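These notes are about the structure you will find just below.
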Amino acid sequence: MSLQRFISEAISPWMKKGPGPEGDIVLSTRIRLARNLENYPFPIVASEESANTMLHYTSKELAKDPYQYVGNLEVLKMDDISSNEKRVLVEKHLISPHLAEKAQHGAVMLSEDESVSIMLNEEDHIRLQCLFRGFQLNESLVLSNGLDDWIEEKVTYAFDEKRGFLTSCPTNVGTGMRASVMMHLPALVMTQQLNRILPAINQLGLVVRGIYGEGSETLGNLFQISNQMTLGKSEEDIVEDLRGVVMQLIQQERYAREELIRTSKIQIEDKVFRSFGLLTNSRVMESKEAAKRLSDVRLGIDLDLIQGISGNILNELMILTQPGFLQQYAGKGLTPDERDVRRAALIRERMNLEREE
Amino acid sequence: MLCEECHQRQATLHFTKIINGKKEEMHLCEECARDKGEHIPGSNSYSIHDLLSGLLNFEQPMGNGGSHPSRASVPKQLVCDSCGLSYERFAKTGRFGCSHCYKAFDPKLDPIFKRVHSGNVRHAGKVPKRAGGRMQIQNQIDKLRKQMQQHIEQEEFEEAAKLRDQIHDLNENIRDGKGDA
Ligand SMILES: [Zn+2]
Ligand SMILES: [Zn+2]
């Protein structure tokens with residue numbers, strides 16, 4: 001298969017439309033709702049039979065008439081797909097590692113453009129997620145709310161006046177909502193300002209996580225900002241508080257970028273073009289290095305130092321160079337060393353693809 | 001706008017916090033925001049398991065006191081009669097077994113929710129349409145039942161029978177899933 005075709009099949013359609021609002025800093029916005037049915041035990045303690053019944057019942061009910069703004073949903077049962085296919089779905093953020101690895105009778109219902117995913121038998125019976133490109137909290141809230149109403153017409157939710165939507169884990173009870181925004185913050189990292197800002201953000205009940213990489217080490221300067229608290233606040237207020245903080249971060253990142261250009265333009269240019277050279281010429285590349293270099297090049301694109309390459313290259317290649325995707329492209333399992341070679345080749349080819357256009 | 005903490009630097013960070021429906025606004029400079037942040041012990045790094053087992057260890061016996069524990073003063077084990085999960089097991093795993101666990105463990109949940117959700121214990125968000133409608137009907141049924149009881153006690157059987165029919169109709173409504181009222 002040609003790389004171009006692989007990419008067009010691999011990347012979710014919702015993402016291919018190019019960067020969304022505030023797309024130079026915000027890559028994507030996501031809202032997730034956790035819901036459970038009233039008369040079934042939660043998936044973690046459910047018997048196999050009960051999990052199976054819940055899956056059949058819910059997927060049948062939801063298939064009855066499609067939600068008008070989303071269209072048909074395709075059902076993928078975890079028991080029916082290979083472990084590498086599951087891995088790819090995790091790398092695309094369409095399912096959780098828990099659903100891929102641990103869930104009993106797990107399934108996901110996906111919209112055609114993959115912007116909507118409904119996981120069944122995850123930690124909760126239903127985990128609904130809406131993904132939008134760029135900074136689109138309102139749009140995400142409206143769509144997830146509409147989908148939630150649509151689901152509630154078909155199945156009976158476990159809901160309590162006092163505690164709200166009842167979830168398996170006490171950290172999700174109430175709204176069951178996790179709203180999150182994925183941001184690229186290279187200038188705040190470079191100028192070491194982010195570490196100063198993080199405690200204030202935590203104090204407001206928001207959490208900042210690196211998206212790729214383990215523990216405190218974050219790859220590609222990509223961060224996910226999301227609400228921690230789900231009880232005692234309305235969905236609108238949660239989203240409003242998150243929006244406020246994200247706006248601040250956007251402003252501060254922009255300011256830091258301007259400062260960098262003003263005070264050390266040649267050093268930034270050097271950094272960006274070195275990374276560009278490495279990405280277009282390397283023969284072996286670890287994921288850690290790839291993330292770092294891709295972040296530099298993306299910054300170079302945003303600062304208009306590099307022209308003719310789409311800003312999407314960062315999100316796209318961060319996903320495509322994950323192990324599951326590399327193996328899918330290769331059509332076989334790969335050792336870590338083989339993956340580093342394949343990764344370098346894929347990045348090289350992808351970078352050149354765009355320059356030729 | 002000046003920072004409300006130091007009243008010296010410009011407030012560049014504006015936050016709203018809502019705790020149990022009370023809205024608090026904060027306008028801080030970056031430095032004060034950072035300082036305030038540092039007072040939070042461990043910020044968000046606790047795990048729900050640590051939290052729950054911590055609460056369990058601190059727990060006081062609930063019996064009516066006395067220095068010699070008799071059988072009667074040993075606290076009854078909380079168990080969800082719907083899924084069979086014990087409170088002890090819940091505290092170990094940090095996961096409820098079913099929606100009824102929330103009622104079964106209710107007396108012990110406030111401190112947990114307070115810790116996890118910045119002092120909040122009550123839902124303040126969306127009420128689903130159907131469940132919301134059902135709840136209204138249920139509340140009405142409860143009210144009518146009480147009235148019916150009173151009529152029966154006062155031997156006003158005709159009135160009581162009327163209410164009984166109303167209750168019957170409302171119950172049917174719930175059963176048929178017509179909650180959108
Ligand atoms: Zn101040
Ligand atoms: Zn239970």
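Residue numbering restarts at 1 in every chain; chains get A, B, ... in the order shown in the structure tokens, and ligands count up from 1 in that same order.
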
- Query: What do you get as a PyMOL selection string if you pick all residues at most 7 Å from ligand 1, counting only C-alpha atoms and all ligand atoms?
  - Reply: chain B and resi 3-9+11+28-32

- Could I get the residue neighbourhood of ligand 2 at 12 Å, counting only C-alpha atoms and all ligand atoms, as a ChimeraX atom specification? /A:38-46,158,166-168 /B:78-87,89-90,95-106

- Task: Calculate how many Å separate atom CA of A:Leu3 from atom CA of A:Glu286, rounding to one decimal.
- Result: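 It comes out at 19.8 Å.
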
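In this comparison, which uses only C-alpha atoms, the residue of B:Ile174, B:Pro107, B:Lys126, B:Gln166 approaching chain A most closely is B:Lys126.
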
- Message: I'd like the neighbourhood of A:Thr191 as a list in words, where a residue qualifies if any of its atoms comes within 12 Å (using only C-alpha atoms), though same-chain residues fewer than 3 positions away should be ignored.
- Response: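 Those residues are Leu185, Pro186, Ala187, Leu188, Leu194, Asn195, Arg196, Ile197, Gln252, Glu253, Tyr255, Ala256, Arg257, Glu258, Glu259, Leu260, Thr263, Ser264 and Ile268 of chain A.
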
- Task: Check the DSSP output for the backbone and give back, as a count of residues only, the residues of stretch 7-234 of chain A in strand (DSSP E).
- Result: 56

- Task: Considering only C-alpha atoms, state which residue in the set A:Lys16, A:Arg339, A:Arg298, A:Lys162 is at the smallest distance from chain B.
- Result: A:Lys162

- A:Asn315: which residues within 9 Å, counting only C-alpha atoms, same-chain residues fewer than 5 positions away excluded, as a PyMOL selection string? chain A and resi 15+27+320

- Pick from B:Val121, B:Met148, B:Ala161, B:Ile167 nearest to chain A, counting only C-alpha atoms: B:Val121

- Straight-line distance linking atom CA of A:Leu231 with atom CA of A:Cys169, stated in Å to one decimal: 12.3 Å

- Item | Test item, helix (DSSP H, G or I) assignment across stretch 133-301 of chain A, answer as a ChimeraX atom specification | /A:137-152,186-190,194-203,235-281,287-301

- Tell me, as a list in words, which residues lie within 10 Å of A:Gln68, counting only C-alpha atoms; anything in the same chain fewer than 2 positions away does not count.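 Using only C-alpha atoms, the neighbours found are Asp65, Pro66, Val70, Gly71, Asn72, Gly146, Leu147 and Trp150 of chain A.
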
All heavy atoms of the current selection, written as a short mmCIF file (atom, residue, chain, number, x, y, z; two decimals), in the first residue's frame:
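Resulting contents of selection_39.cif:
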```cif
data_model
loop_
_atom_site.label_atom_id
_atom_site.label_comp_id
_atom_site.auth_asym_id
_atom_site.auth_seq_id
_atom_site.Cartn_x
_atom_site.Cartn_y
_atom_site.Cartn_z
N ASP A 65 -32.64 3.67 15.70
CA ASP A 65 -32.65 4.80 14.77
C ASP A 65 -31.48 5.72 15.09
O ASP A 65 -31.27 6.09 16.23
CB ASP A 65 -33.99 5.55 14.84
CG ASP A 65 -34.23 6.20 16.17
OD1 ASP A 65 -34.12 5.47 17.20
OD2 ASP A 65 -34.50 7.40 16.22
N PRO A 66 -30.71 6.04 14.04
CA PRO A 66 -29.47 6.77 14.28
C PRO A 66 -29.71 8.20 14.75
O PRO A 66 -30.77 8.78 14.49
CB PRO A 66 -28.80 6.76 12.90
CG PRO A 66 -29.87 6.46 11.92
CD PRO A 66 -30.92 5.69 12.64
N VAL A 70 -25.15 12.53 13.66
CA VAL A 70 -23.96 11.68 13.68
C VAL A 70 -24.05 10.56 12.64
O VAL A 70 -23.06 10.17 12.03
CB VAL A 70 -23.75 11.08 15.09
CG1 VAL A 70 -22.66 10.02 15.08
CG2 VAL A 70 -23.37 12.19 16.07
N GLY A 71 -25.25 10.08 12.40
CA GLY A 71 -25.42 9.02 11.40
C GLY A 71 -25.17 7.64 11.99
O GLY A 71 -25.20 7.46 13.20
N ASN A 72 -24.96 6.69 11.10
CA ASN A 72 -24.81 5.32 11.55
C ASN A 72 -23.54 5.11 12.36
O ASN A 72 -22.52 5.71 12.09
CB ASN A 72 -24.80 4.38 10.35
CG ASN A 72 -26.20 4.23 9.79
OD1 ASN A 72 -27.18 4.16 10.53
ND2 ASN A 72 -26.29 4.22 8.47
N GLY A 146 -26.39 16.14 23.20
CA GLY A 146 -27.41 15.63 22.29
C GLY A 146 -27.35 14.12 22.18
O GLY A 146 -28.39 13.43 22.23
N LEU A 147 -26.15 13.58 22.07
CA LEU A 147 -25.99 12.13 22.00
C LEU A 147 -26.47 11.47 23.29
O LEU A 147 -27.08 10.40 23.27
CB LEU A 147 -24.52 11.79 21.77
CG LEU A 147 -24.07 11.75 20.31
CD1 LEU A 147 -22.56 11.88 20.23
CD2 LEU A 147 -24.51 10.47 19.64
N TRP A 150 -30.14 11.31 23.26
CA TRP A 150 -30.54 10.27 22.30
C TRP A 150 -30.40 8.88 22.93
O TRP A 150 -31.29 8.03 22.81
CB TRP A 150 -29.66 10.42 21.05
CG TRP A 150 -29.76 9.32 20.05
CD1 TRP A 150 -30.80 9.07 19.21
CD2 TRP A 150 -28.77 8.31 19.78
NE1 TRP A 150 -30.51 7.98 18.42
CE2 TRP A 150 -29.27 7.49 18.75
CE3 TRP A 150 -27.50 8.03 20.30
CZ2 TRP A 150 -28.56 6.42 18.24
CZ3 TRP A 150 -26.79 6.96 19.79
CH2 TRP A 150 -27.32 6.17 18.78
#
```

- Message: Residues near B:Met135, anyone? I mean within 10 Å using only C-alpha atoms, not counting same-chain ones fewer than 2 positions away, as a ChimeraX atom specification.
- Response: /A:159-161 /B:129-133,137-141,174,179
